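Dumped work-v8.cif below, it's mmCIF, C-alpha atoms:
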```
data_data
loop_
_atom_site.label_atom_id
_atom_site.label_comp_id
_atom_site.auth_asym_id
_atom_site.auth_seq_id
_atom_site.Cartn_x
_atom_site.Cartn_y
_atom_site.Cartn_z
CA MET A 1 0.00 0.00 0.00
CA LEU A 2 2.88 2.38 0.79
CA TRP A 3 4.47 1.51 -2.54
CA GLY A 4 1.19 2.11 -4.37
CA GLY A 5 0.90 5.53 -2.79
CA ALA A 6 4.54 6.33 -3.63
CA VAL A 7 4.09 5.32 -7.29
CA SER A 8 0.94 7.41 -7.53
CA LYS A 9 2.70 10.47 -6.10
CA LEU A 10 6.31 10.11 -7.27
CA GLY A 11 5.90 8.25 -10.57
CA SER A 12 9.10 6.81 -12.04
CA MET A 13 11.13 7.50 -8.88
CA ALA A 14 9.17 4.71 -7.12
CA SER A 15 8.71 2.47 -10.17
CA PRO A 16 10.54 -0.90 -10.34
CA GLN A 17 13.27 0.83 -12.35
CA GLY A 18 13.79 3.51 -9.68
CA GLN A 19 16.23 3.45 -6.79
CA LEU A 20 13.51 4.24 -4.24
CA PHE A 21 11.82 0.98 -5.22
CA GLN A 22 15.17 -0.80 -4.82
CA ILE A 23 15.48 0.44 -1.21
CA GLY A 24 11.94 -0.77 -0.44
CA ALA A 25 12.55 -4.16 -2.06
CA LEU A 26 15.83 -4.43 -0.17
CA ALA A 27 14.08 -3.84 3.17
CA ILE A 28 11.42 -6.48 2.50
CA THR A 29 13.93 -9.04 1.20
CA ALA A 30 16.22 -8.41 4.18
CA TYR A 31 13.32 -8.89 6.61
CA LEU A 32 12.34 -12.20 4.99
CA ALA A 33 15.96 -13.40 4.95
CA GLY A 34 16.29 -12.57 8.65
CA TRP A 35 13.07 -14.45 9.41
CA LEU A 36 14.27 -17.53 7.51
CA ILE A 37 17.73 -17.65 9.09
CA SER A 38 16.22 -17.38 12.58
CA PHE A 39 14.92 -20.94 12.11
CA LEU A 40 18.57 -22.04 12.22
CA GLN A 41 18.86 -20.43 15.68
CA LEU A 42 21.13 -17.76 14.19
CA PRO A 43 20.70 -13.98 14.65
CA SER A 44 18.22 -12.59 12.11
CA LEU A 45 20.52 -9.66 11.37
CA LEU A 46 22.93 -12.10 9.72
CA GLY A 47 20.32 -13.02 7.09
CA MET A 48 19.47 -9.36 6.58
CA MET A 49 23.05 -8.44 5.82
CA LEU A 50 23.56 -11.43 3.53
CA ALA A 51 20.43 -10.39 1.61
CA GLY A 52 21.94 -6.93 1.05
CA ILE A 53 25.24 -8.40 -0.12
CA ALA A 54 23.41 -10.77 -2.51
CA LEU A 55 21.17 -8.07 -4.01
CA ARG A 56 24.14 -5.76 -4.56
CA ASN A 57 26.27 -8.39 -6.24
CA VAL A 58 23.56 -9.64 -8.61
CA GLY A 59 23.09 -6.03 -9.69
CA PHE A 60 19.53 -5.54 -8.36
CA VAL A 61 20.37 -2.80 -5.85
CA VAL A 62 23.02 -0.26 -6.84
CA LEU A 63 22.49 3.18 -5.32
CA THR A 64 24.00 6.26 -6.94
CA GLY A 65 23.79 10.05 -6.70
CA GLY A 66 21.48 11.50 -4.08
CA TYR A 67 20.33 8.05 -2.98
CA LEU A 68 23.72 7.49 -1.36
CA HIS A 69 22.81 10.40 0.94
CA VAL A 70 19.37 8.84 1.54
CA ALA A 71 21.03 5.56 2.56
CA ALA A 72 23.45 7.40 4.88
CA THR A 73 20.54 9.26 6.52
CA LEU A 74 18.59 6.04 7.07
CA ARG A 75 21.63 4.44 8.70
CA GLN A 76 22.01 7.44 11.00
CA MET A 77 18.35 7.21 11.97
CA ALA A 78 18.88 3.55 12.85
CA LEU A 79 21.89 4.56 14.97
CA VAL A 80 19.74 7.08 16.87
CA VAL A 81 17.19 4.36 17.72
CA ILE A 82 19.99 2.03 18.90
CA LEU A 83 21.53 4.74 21.11
CA LEU A 84 18.21 5.73 22.65
CA ARG A 85 17.46 2.06 23.41
CA ALA A 86 20.87 1.70 25.03
CA GLY A 87 20.12 4.59 27.38
CA LEU A 88 16.67 3.23 28.20
CA GLU A 89 18.04 -0.21 29.08
CA LEU A 90 20.71 1.01 31.51
CA ASP A 91 19.72 -0.07 35.03
CA PRO A 92 21.01 2.42 37.63
CA SER A 93 20.26 0.09 40.58
CA ALA A 94 22.30 -2.70 38.99
CA LEU A 95 25.13 -0.26 38.32
CA LYS A 96 25.16 0.80 41.98
CA ARG A 97 25.14 -2.80 43.17
CA LEU A 98 27.79 -4.10 40.77
CA GLY A 99 29.54 -0.76 40.20
CA THR A 100 33.28 -1.46 40.06
CA MET A 101 32.95 -4.87 38.39
CA VAL A 102 30.76 -3.44 35.61
CA LEU A 103 33.06 -0.47 35.00
CA ARG A 104 36.16 -2.67 34.91
CA LEU A 105 34.58 -5.10 32.47
CA ALA A 106 33.11 -2.32 30.32
CA ILE A 107 36.27 -0.26 29.93
CA GLY A 108 39.28 -2.57 30.36
CA PRO A 109 38.66 -5.24 27.67
CA ALA A 110 37.31 -2.66 25.21
CA VAL A 111 40.43 -0.49 25.48
CA VAL A 112 42.73 -3.52 25.19
CA GLU A 113 40.87 -4.79 22.11
CA ALA A 114 40.90 -1.36 20.45
CA VAL A 115 44.67 -1.06 20.93
CA ALA A 116 45.20 -4.61 19.63
CA VAL A 117 43.08 -3.88 16.55
CA ALA A 118 45.05 -0.68 15.87
CA VAL A 119 48.37 -2.55 16.06
CA PHE A 120 47.22 -5.39 13.77
CA ALA A 121 45.57 -2.92 11.35
CA TYR A 122 48.75 -0.86 11.09
CA PHE A 123 51.06 -3.79 10.40
CA LEU A 124 48.73 -6.10 8.45
CA LEU A 125 46.20 -3.84 6.73
CA ASP A 126 48.44 -0.80 6.11
CA LEU A 127 46.03 1.56 7.86
CA PRO A 128 47.48 4.75 9.43
CA TRP A 129 47.48 4.70 13.24
CA ILE A 130 44.49 7.05 13.58
CA TRP A 131 42.40 4.90 11.20
CA GLY A 132 43.58 1.79 13.04
CA PHE A 133 42.31 3.18 16.34
CA LEU A 134 39.08 4.22 14.59
CA LEU A 135 38.63 0.61 13.46
CA GLY A 136 39.45 -0.47 17.03
CA ALA A 137 36.62 1.69 18.37
CA VAL A 138 34.22 0.13 15.86
CA LEU A 139 35.18 -3.45 16.76
CA ALA A 140 35.44 -2.91 20.54
CA ALA A 141 31.67 -2.55 20.92
CA VAL A 142 29.59 -5.57 21.97
CA SER A 143 26.20 -6.38 20.45
CA PRO A 144 23.36 -6.32 23.03
CA GLU A 145 20.97 -7.36 20.24
CA VAL A 146 22.67 -10.77 20.11
CA VAL A 147 23.77 -11.16 23.73
CA ILE A 148 20.59 -10.19 25.62
CA PRO A 149 18.15 -12.65 23.94
CA LEU A 150 20.65 -15.50 24.41
CA LEU A 151 21.07 -14.70 28.10
CA CYS A 152 17.29 -14.54 28.49
CA ASN A 153 17.05 -18.00 26.92
CA LEU A 154 19.53 -19.31 29.50
CA GLN A 155 17.37 -17.83 32.26
CA THR A 156 14.30 -19.53 30.81
CA LYS A 157 16.07 -22.90 30.68
CA GLY A 158 17.16 -22.81 34.31
CA SER A 159 18.29 -19.42 35.65
CA TYR A 160 21.92 -20.14 34.80
CA GLY A 161 24.30 -17.78 36.60
CA LYS A 162 21.47 -15.77 38.16
CA ALA A 163 22.59 -16.36 41.76
CA LYS A 164 25.78 -14.36 41.17
CA GLY A 165 24.13 -11.78 38.90
CA ILE A 166 26.10 -12.82 35.82
CA PRO A 167 23.37 -11.88 33.29
CA THR A 168 23.09 -8.43 34.89
CA ILE A 169 26.87 -7.99 34.86
CA VAL A 170 27.14 -8.97 31.19
CA ILE A 171 24.20 -6.83 30.03
CA ALA A 172 25.17 -3.74 32.06
CA ALA A 173 28.83 -3.93 31.05
CA ALA A 174 27.86 -4.47 27.40
CA SER A 175 25.75 -1.30 27.45
CA PHE A 176 28.57 0.73 29.01
CA ASP A 177 31.05 -0.84 26.62
CA ASP A 178 28.97 0.47 23.71
CA ILE A 179 28.90 3.97 25.21
CA VAL A 180 32.69 3.99 25.57
CA ALA A 181 33.25 2.63 22.04
CA ILE A 182 30.75 4.97 20.33
CA SER A 183 32.04 8.04 22.18
CA ALA A 184 35.64 7.15 21.27
CA PHE A 185 34.58 6.56 17.66
CA GLY A 186 33.08 10.05 17.43
CA VAL A 187 36.26 11.65 18.76
CA LEU A 188 38.57 9.61 16.50
CA LEU A 189 36.40 10.27 13.42
CA ASN A 190 36.73 14.02 14.03
CA ILE A 191 40.52 13.66 14.15
CA ALA A 192 40.76 11.27 11.17
CA THR A 193 38.67 13.41 8.81
CA SER A 194 39.89 16.79 10.01
CA THR A 195 41.49 18.98 7.36
CA GLY A 196 42.62 21.63 9.84
CA ASP A 197 45.34 21.94 12.48
CA LEU A 198 45.73 18.74 14.55
CA LYS A 199 46.12 20.65 17.83
CA THR A 200 42.86 22.51 17.23
CA THR A 201 41.11 19.26 16.36
CA ILE A 202 42.30 17.57 19.57
CA ILE A 203 41.14 20.55 21.65
CA ARG A 204 37.73 20.38 19.97
CA CYS A 205 37.23 16.73 21.02
CA PRO A 206 36.62 17.32 24.77
CA VAL A 207 34.56 20.39 23.84
CA GLY A 208 32.35 18.14 21.70
CA LEU A 209 31.95 15.61 24.50
CA ALA A 210 31.05 18.43 26.91
CA ILE A 211 28.46 19.77 24.47
CA GLY A 212 26.99 16.30 24.03
CA SER A 213 26.82 15.70 27.79
CA LEU A 214 25.21 19.07 28.58
CA CYS A 215 22.69 18.90 25.72
CA GLY A 216 21.77 15.31 26.60
CA LEU A 217 21.34 16.25 30.26
CA ALA A 218 19.21 19.30 29.43
CA ILE A 219 16.85 17.51 27.03
CA GLY A 220 16.72 14.45 29.31
CA LEU A 221 15.63 16.57 32.29
CA PHE A 222 13.04 18.32 30.12
CA LEU A 223 11.57 14.97 29.00
CA ARG A 224 11.33 13.78 32.60
CA TYR A 225 8.50 16.26 33.16
CA VAL A 226 7.10 16.84 29.67
CA PRO A 227 4.59 15.42 28.93
CA TYR A 228 2.84 15.20 32.32
CA GLN A 229 3.04 11.59 33.57
CA ASP A 230 -0.76 11.25 34.05
CA ASP A 231 -1.52 12.27 30.47
CA THR A 232 -3.53 9.49 28.80
CA ARG A 233 -1.17 9.59 25.78
CA VAL A 234 2.03 9.85 27.81
CA THR A 235 3.79 6.79 26.35
CA MET A 236 3.17 7.80 22.74
CA LEU A 237 4.21 11.40 23.39
CA ARG A 238 7.37 10.35 25.25
CA THR A 239 8.33 8.05 22.40
CA LEU A 240 7.79 10.76 19.79
CA LEU A 241 9.62 13.44 21.79
CA LEU A 242 12.53 11.14 22.64
CA ALA A 243 12.90 10.10 18.99
CA ALA A 244 12.66 13.73 17.83
CA GLY A 245 15.21 14.81 20.44
CA GLY A 246 17.59 12.07 19.37
CA MET A 247 17.33 13.05 15.69
CA PHE A 248 17.88 16.71 16.59
CA LEU A 249 20.96 15.91 18.68
CA MET A 250 22.49 13.59 16.07
CA PHE A 251 21.92 15.75 13.00
CA GLY A 252 22.34 19.06 14.83
CA SER A 253 25.74 18.13 16.28
CA ALA A 254 26.97 17.21 12.80
CA THR A 255 25.69 20.51 11.41
CA ILE A 256 27.75 22.56 13.89
CA GLY A 257 30.84 20.41 13.30
CA TYR A 258 30.81 18.30 16.48
CA GLU A 259 29.83 14.86 15.14
CA GLY A 260 31.17 13.12 18.27
CA ALA A 261 28.68 14.94 20.52
CA GLY A 262 25.53 13.42 18.99
CA PRO A 263 25.89 9.73 19.99
CA LEU A 264 26.81 10.55 23.60
CA ALA A 265 23.97 13.08 23.86
CA CYS A 266 21.40 10.51 22.65
CA ILE A 267 22.40 7.95 25.29
CA ILE A 268 22.44 10.53 28.10
CA THR A 269 19.05 11.94 27.03
CA SER A 270 17.19 8.62 27.20
CA PHE A 271 18.99 7.53 30.39
CA VAL A 272 18.29 10.78 32.28
CA ALA A 273 14.70 11.04 31.04
CA SER A 274 13.64 7.43 31.63
CA ASN A 275 15.04 7.25 35.16
CA GLY A 276 12.61 9.99 36.17
CA TRP A 277 9.63 8.03 34.86
CA ARG A 278 7.57 5.38 36.61
CA LEU A 279 8.78 1.83 35.99
CA THR A 280 5.73 0.98 33.88
CA GLY A 281 6.28 4.11 31.79
CA LYS A 282 9.92 3.24 31.18
CA GLN A 283 9.05 -0.32 30.15
CA ALA A 284 6.35 0.95 27.77
CA ALA A 285 8.86 3.29 26.11
CA GLU A 286 11.35 0.42 25.79
CA ARG A 287 8.70 -1.67 24.00
CA ASN A 288 7.95 1.19 21.60
CA PHE A 289 11.61 1.62 20.69
CA GLU A 290 11.95 -2.14 20.30
CA LEU A 291 9.13 -1.96 17.74
CA LEU A 292 10.79 1.01 16.00
CA TYR A 293 14.03 -0.95 15.73
CA THR A 294 12.20 -4.00 14.37
CA ILE A 295 10.97 -1.78 11.52
CA ILE A 296 14.28 -0.08 10.78
CA GLN A 297 16.61 -3.07 11.38
CA PRO A 298 16.12 -4.72 7.94
CA ILE A 299 16.78 -1.37 6.25
CA GLN A 300 19.92 -0.84 8.34
CA PHE A 301 21.51 -4.25 7.77
CA GLY A 302 20.35 -4.44 4.15
CA LEU A 303 21.93 -1.06 3.41
CA ILE A 304 25.23 -2.02 5.00
CA GLY A 305 25.21 -5.22 2.95
CA ILE A 306 24.92 -3.35 -0.36
CA GLU A 307 28.18 -1.53 0.38
CA ILE A 308 30.05 -4.82 -0.10
CA ASN A 309 31.03 -5.43 -3.72
CA LEU A 310 32.47 -8.95 -3.84
CA PHE A 311 33.91 -8.39 -7.32
CA VAL A 312 36.39 -5.75 -6.11
CA LEU A 313 37.32 -7.35 -2.77
CA GLU A 314 40.95 -8.37 -2.48
CA GLY A 315 41.41 -11.86 -1.08
CA ARG A 316 44.61 -10.80 0.69
CA MET A 317 42.89 -7.95 2.53
CA VAL A 318 39.98 -10.17 3.57
CA GLY A 319 42.37 -12.85 4.84
CA LEU A 320 44.49 -10.39 6.79
CA GLY A 321 41.33 -8.72 8.09
CA VAL A 322 40.08 -12.03 9.47
CA VAL A 323 43.48 -12.69 11.08
CA SER A 324 43.45 -9.21 12.67
CA LEU A 325 39.89 -9.71 13.90
CA LEU A 326 40.49 -13.13 15.47
CA ALA A 327 43.81 -12.10 17.02
CA SER A 328 42.27 -9.01 18.64
CA LEU A 329 39.34 -11.09 19.93
CA ALA A 330 41.79 -13.51 21.56
CA VAL A 331 43.48 -10.55 23.25
CA ARG A 332 40.10 -9.27 24.47
CA ILE A 333 39.09 -12.66 25.90
CA ALA A 334 42.36 -12.86 27.83
CA ALA A 335 41.92 -9.28 29.08
CA SER A 336 38.34 -10.03 30.21
CA ILE A 337 39.48 -13.00 32.29
CA VAL A 338 42.18 -10.88 33.94
CA VAL A 339 39.85 -7.94 34.60
CA ALA A 340 37.19 -10.22 36.14
CA ALA A 341 39.71 -11.38 38.75
CA GLY A 342 39.10 -10.25 42.30
CA GLY A 343 35.33 -10.70 42.22
CA ASN A 344 33.21 -13.58 43.47
CA LEU A 345 33.26 -15.44 40.14
CA ASN A 346 35.00 -18.79 39.75
CA TRP A 347 37.19 -19.54 36.75
CA LYS A 348 34.35 -21.16 34.76
CA GLU A 349 32.17 -18.09 35.21
CA LYS A 350 35.03 -15.76 34.26
CA PHE A 351 35.57 -17.84 31.12
CA PHE A 352 31.88 -17.56 30.21
CA VAL A 353 31.80 -13.78 30.81
CA SER A 354 34.81 -13.32 28.52
CA PHE A 355 33.07 -15.23 25.69
CA ALA A 356 29.69 -13.59 26.27
CA TRP A 357 31.04 -10.44 24.57
CA PHE A 358 32.22 -12.32 21.50
CA PRO A 359 29.29 -11.36 19.20
CA LYS A 360 29.50 -8.12 17.24
CA ALA A 361 26.62 -6.85 15.15
CA THR A 362 24.38 -3.88 15.91
CA VAL A 363 26.93 -1.19 16.74
CA GLN A 364 29.28 -2.33 13.96
CA ALA A 365 26.41 -2.06 11.48
CA ALA A 366 25.48 1.35 12.85
CA ILE A 367 28.90 3.05 12.97
CA GLY A 368 30.86 0.90 10.49
CA PRO A 369 29.61 2.87 7.44
CA VAL A 370 29.68 6.27 9.17
CA ALA A 371 33.31 6.98 8.31
CA LEU A 372 32.68 6.19 4.63
CA ASP A 373 29.54 8.37 4.62
CA GLU A 374 31.50 11.23 6.23
CA VAL A 375 34.41 10.92 3.79
CA ARG A 376 32.01 10.99 0.83
CA LYS A 377 30.15 13.99 2.24
CA MET A 378 33.39 15.93 2.73
CA HIS A 379 34.78 14.79 -0.67
CA LEU A 380 37.95 13.42 0.95
CA GLU A 381 38.80 10.95 -1.82
CA GLU A 382 42.24 10.26 -0.34
CA TYR A 383 40.61 8.70 2.74
CA GLU A 384 37.95 6.66 0.94
CA ALA A 385 40.13 3.52 0.75
CA TYR A 386 40.75 3.65 4.53
CA ALA A 387 37.05 4.16 5.28
CA THR A 388 36.12 1.29 2.94
CA THR A 389 38.57 -1.00 4.76
CA VAL A 390 36.95 -0.05 8.09
CA LEU A 391 33.52 -0.94 6.67
CA ILE A 392 34.68 -4.27 5.20
CA ILE A 393 36.30 -5.39 8.47
CA ALA A 394 33.16 -4.33 10.37
CA VAL A 395 31.04 -6.49 8.05
CA LEU A 396 33.44 -9.43 8.44
CA SER A 397 33.23 -9.07 12.22
CA ILE A 398 29.43 -9.39 12.04
CA LEU A 399 29.45 -12.34 9.62
CA ILE A 400 31.97 -14.27 11.75
CA THR A 401 31.29 -13.36 15.36
CA ALA A 402 27.47 -13.10 15.42
CA PRO A 403 26.76 -16.77 14.56
CA VAL A 404 29.85 -18.16 16.33
CA GLY A 405 29.19 -16.04 19.43
CA ALA A 406 25.54 -17.13 19.54
CA ILE A 407 26.60 -20.79 19.48
CA LEU A 408 29.29 -20.26 22.13
CA ILE A 409 26.94 -18.50 24.56
CA THR A 410 24.26 -21.17 24.13
CA VAL A 411 26.65 -24.10 24.54
CA LEU A 412 28.98 -22.71 27.22
CA GLY A 413 26.20 -21.19 29.31
CA THR A 414 24.73 -24.54 30.31
CA ARG A 415 28.18 -26.02 30.96
CA LEU A 416 30.04 -23.24 32.77
CA LEU A 417 27.30 -21.51 34.79
CA GLU A 418 25.59 -22.90 37.86
CA LYS A 419 21.89 -23.68 37.51
CA GLU A 420 19.82 -22.05 40.23
CA GLU A 421 17.76 -24.53 42.22
CA GLN A 422 14.03 -23.90 42.19
#
```
What does the file become when written as structure tokens?
Amino acid sequence: MLWGGAVSKLGSMASPQGQLFQIGALAITAYLAGWLISFLQLPSLLGMMLAGIALRNVGFVVLTGGYLHVAATLRQMALVVILLRAGLELDPSALKRLGTMVLRLAIGPAVVEAVAVAVFAYFLLDLPWIWGFLLGAVLAAVSPEVVIPLLCNLQTKGSYGKAKGIPTIVIAAASFDDIVAISAFGVLLNIATSTGDLKTTIIRCPVGLAIGSLCGLAIGLFLRYVPYQDDTRVTMLRTLLLAAGGMFLMFGSATIGYEGAGPLACIITSFVASNGWRLTGKQAAERNFELLYTIIQPIQFGLIGIEINLFVLEGRMVGLGVVSLLASLAVRIAASIVVAAGGNLNWKEKFFVSFAWFPKATVQAAIGPVALDEVRKMHLEEYEAYATTVLIIAVLSILITAPVGAILITVLGTRLLEKEEQ
């Protein structure tokens, strides 16, 4: 029905020969592919991305001209929804109770992995150091979209690890890990794509983070009280205002030249706002954003898939990219085990926690193409090869770690965690 209306209004732009039709067909095909692959107990996002890759390489979906900007905007909108959900899902009571353990596990392994990625990227992929660290920030993020459902399944089977709060630790640390990685990515992208003086660019980075924090705090406090909590349409209005605020922060920060401020501001806005709402109101908003993401997810993963042209991929770069990815993951797993020391977890539980952050998907899909979009927007052709490498490695990380990580969590969870007695 939407397509019929679009054809009636836009004519050839929405016809089967038009690129707008290609985007719509891509979204539907990606959704169906995700639904089919879920029967194999694999993350649906894997099928969505593979659908995009397939449609691009058979020549059905090839976006050009202004539609590249449309695709970039849609990906940014998906990123806003992801960031707002991350802020909504942060549990302040769990953070107070597990404080130091969560912070150690959120920051330590992510920093170690990012540094390892930068080293391997510099020596194996010939990326400059700044682009290596940018890639490290992309890969350091964990995917809550894969991890959380798997942990919930373990709880359904027998409350595995619940007695020691392992699911809460993993989920809370994963959310903080994403905040750290996305904030670092914004700062590093500013430095990598800057055409001005390096010293000025570095000074601008903390200014951008301060702007993002203050704007997120201000809008978050505003949305705590507007609309009035007893309004009969409060959930719908909160969802609309939170989404509008997120879009304003993301696109507005880029307009004033502080791209790194937007992601941080979105997370802070939803976290500050939702923790002033009643529990039922917060849960209702979470469900609405879950629905929003269900709608936009096939578009997001399909669009990232069409950026991969298999006919121009170099086998050597793919091979070295896989080596870099696996080596940095091994470093992260070792770092996670070390960082988890000193708590009340036994060695089996530490081993499980380290592997629970193996899957990468949502954040990589959201920020992986951002550097390429930014380079194209700024017409920095000399950096396009670096940005393309970042995107390719991000896609490889999803294709490899999402299914393998899902299997590892499912298998190791029942073997390494203690089952709570009923």
For this session: Taking the file as shown, find all residues satisfying the PyMOL selection byres ((chain A and resi 192-194) around 12) and write them as a PyMOL selection string.
Result: chain A and resi 127-135+185-191+195-202+204-205+257-259+370-384+386-387
Please report as JSON lines every residue of segment 28-47 of chain A lying within 12 Å of segment 405-409 of chain A, along with the nearest atom pair and their distance in Å (one decimal), using all atoms listed in the file.
```
{"residue": "A:Ser38", "atom": "CA", "partner": "A:Ala406", "partner_atom": "CA", "distance": 11.6}
{"residue": "A:Leu40", "atom": "CA", "partner": "A:Ile407", "partner_atom": "CA", "distance": 10.9}
{"residue": "A:Gln41", "atom": "CA", "partner": "A:Ala406", "partner_atom": "CA", "distance": 8.4}
{"residue": "A:Leu42", "atom": "CA", "partner": "A:Ala406", "partner_atom": "CA", "distance": 7.0}
{"residue": "A:Pro43", "atom": "CA", "partner": "A:Ala406", "partner_atom": "CA", "distance": 7.6}
{"residue": "A:Ser44", "atom": "CA", "partner": "A:Ala406", "partner_atom": "CA", "distance": 11.4}
{"residue": "A:Leu46", "atom": "CA", "partner": "A:Ala406", "partner_atom": "CA", "distance": 11.3}
```
Exercise. Applied to the shown file, which residues does the PyMOL selection byres ((chain A and resi 148) around 10) return, written as a count of residues only?
Worked result: 17
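If all atoms listed in the file are the atoms counted, then among A:Leu105, A:Ile82, A:Gly252, A:Gly319 the closest residue to Ile337 of chain A is A:Leu105.
Among the candidate residues A:Ala78, A:Leu292, A:Ala335, A:Ile267, the one lying nearest to Ala366 of chain A is A:Ala78, with distances computed using all atoms listed in the file.
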Shell of 10 Å around Asp177 of chain A, all atoms listed in the file, local chain residues under 3 positions omitted, as a compact mmCIF listing (two decimals) with C-alpha atoms, in the coordinates of the input:
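Contents of the output file around-v9.txt:
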```
# COMPACT_ATOMS: atom_id res chain seq x y z
CA VAL A 102 30.76 -3.44 35.61
CA LEU A 103 33.06 -0.47 35.00
CA ARG A 104 36.16 -2.67 34.91
CA LEU A 105 34.58 -5.10 32.47
CA ALA A 106 33.11 -2.32 30.32
CA ILE A 107 36.27 -0.26 29.93
CA GLY A 108 39.28 -2.57 30.36
CA PRO A 109 38.66 -5.24 27.67
CA ALA A 110 37.31 -2.66 25.21
CA VAL A 111 40.43 -0.49 25.48
CA ALA A 140 35.44 -2.91 20.54
CA ALA A 141 31.67 -2.55 20.92
CA VAL A 142 29.59 -5.57 21.97
CA SER A 143 26.20 -6.38 20.45
CA ILE A 171 24.20 -6.83 30.03
CA ALA A 172 25.17 -3.74 32.06
CA ALA A 173 28.83 -3.93 31.05
CA ALA A 174 27.86 -4.47 27.40
CA VAL A 180 32.69 3.99 25.57
CA ALA A 181 33.25 2.63 22.04
CA ILE A 182 30.75 4.97 20.33
CA SER A 183 32.04 8.04 22.18
CA TRP A 357 31.04 -10.44 24.57
```
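Coordinates place atom CA of Tyr225 of chain A at a distance of 16.9 Å from atom CA of Gln283 of chain A.
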For this session: Give me the result of the PyMOL selection byres ((chain A and resi 59) around 12) on this file, residue by residue, as a ChimeraX atom specification.
Result: /A:22,52-58,60-63,306,308-311
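Among A:Ala285, A:Ile256, A:Leu209, A:Ile37, the residue with the shortest atom-to-atom distance to Val234 of chain A, counting all atoms listed in the file, is A:Ala285.
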Problem set entry | atom CA of Ile367 of chain A to atom CA of Gly262 of chain A, straight-line distance in Å | 12.5 Å
Exercise. Which of these residues is nearest to Ala265 of chain A, using all atoms listed in the file: A:Leu217, A:Ala341, A:Arg415, A:Thr235?
Worked result: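 Checking each candidate against Ala265 of chain A, we get A:Leu217 as the closest.
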Add whatever atoms are absent from segment 158-169 of chain A to reach N, CA and C atoms, and provide the output as a short mmCIF file (atom, residue, chain, number, x, y, z; two decimals), in the coordinates of the input.
```cif
data_model
loop_
_atom_site.label_atom_id
_atom_site.label_comp_id
_atom_site.auth_asym_id
_atom_site.auth_seq_id
_atom_site.Cartn_x
_atom_site.Cartn_y
_atom_site.Cartn_z
N GLY A 158 16.85 -22.40 32.95
CA GLY A 158 17.16 -22.81 34.31
C GLY A 158 17.87 -21.78 35.15
N SER A 159 17.68 -20.50 34.86
CA SER A 159 18.29 -19.42 35.65
C SER A 159 19.79 -19.61 35.83
N TYR A 160 20.48 -19.93 34.74
CA TYR A 160 21.92 -20.14 34.80
C TYR A 160 22.65 -18.85 35.15
N GLY A 161 23.48 -18.91 36.20
CA GLY A 161 24.30 -17.78 36.60
C GLY A 161 23.57 -16.67 37.32
N LYS A 162 22.27 -16.85 37.56
CA LYS A 162 21.47 -15.77 38.16
C LYS A 162 21.87 -15.47 39.60
N ALA A 163 22.27 -16.52 40.34
CA ALA A 163 22.59 -16.36 41.76
C ALA A 163 23.71 -15.34 41.97
N LYS A 164 24.67 -15.30 41.06
CA LYS A 164 25.78 -14.36 41.17
C LYS A 164 25.60 -13.12 40.30
N GLY A 165 24.42 -12.98 39.70
CA GLY A 165 24.13 -11.78 38.90
C GLY A 165 24.90 -11.69 37.61
N ILE A 166 25.29 -12.85 37.04
CA ILE A 166 26.10 -12.82 35.82
C ILE A 166 25.35 -12.20 34.64
N PRO A 167 24.07 -12.54 34.40
CA PRO A 167 23.37 -11.88 33.29
C PRO A 167 23.34 -10.37 33.44
N THR A 168 23.12 -9.88 34.66
CA THR A 168 23.09 -8.43 34.89
C THR A 168 24.45 -7.82 34.63
N ILE A 169 25.51 -8.49 35.08
CA ILE A 169 26.87 -7.99 34.86
C ILE A 169 27.16 -7.87 33.37
#
```
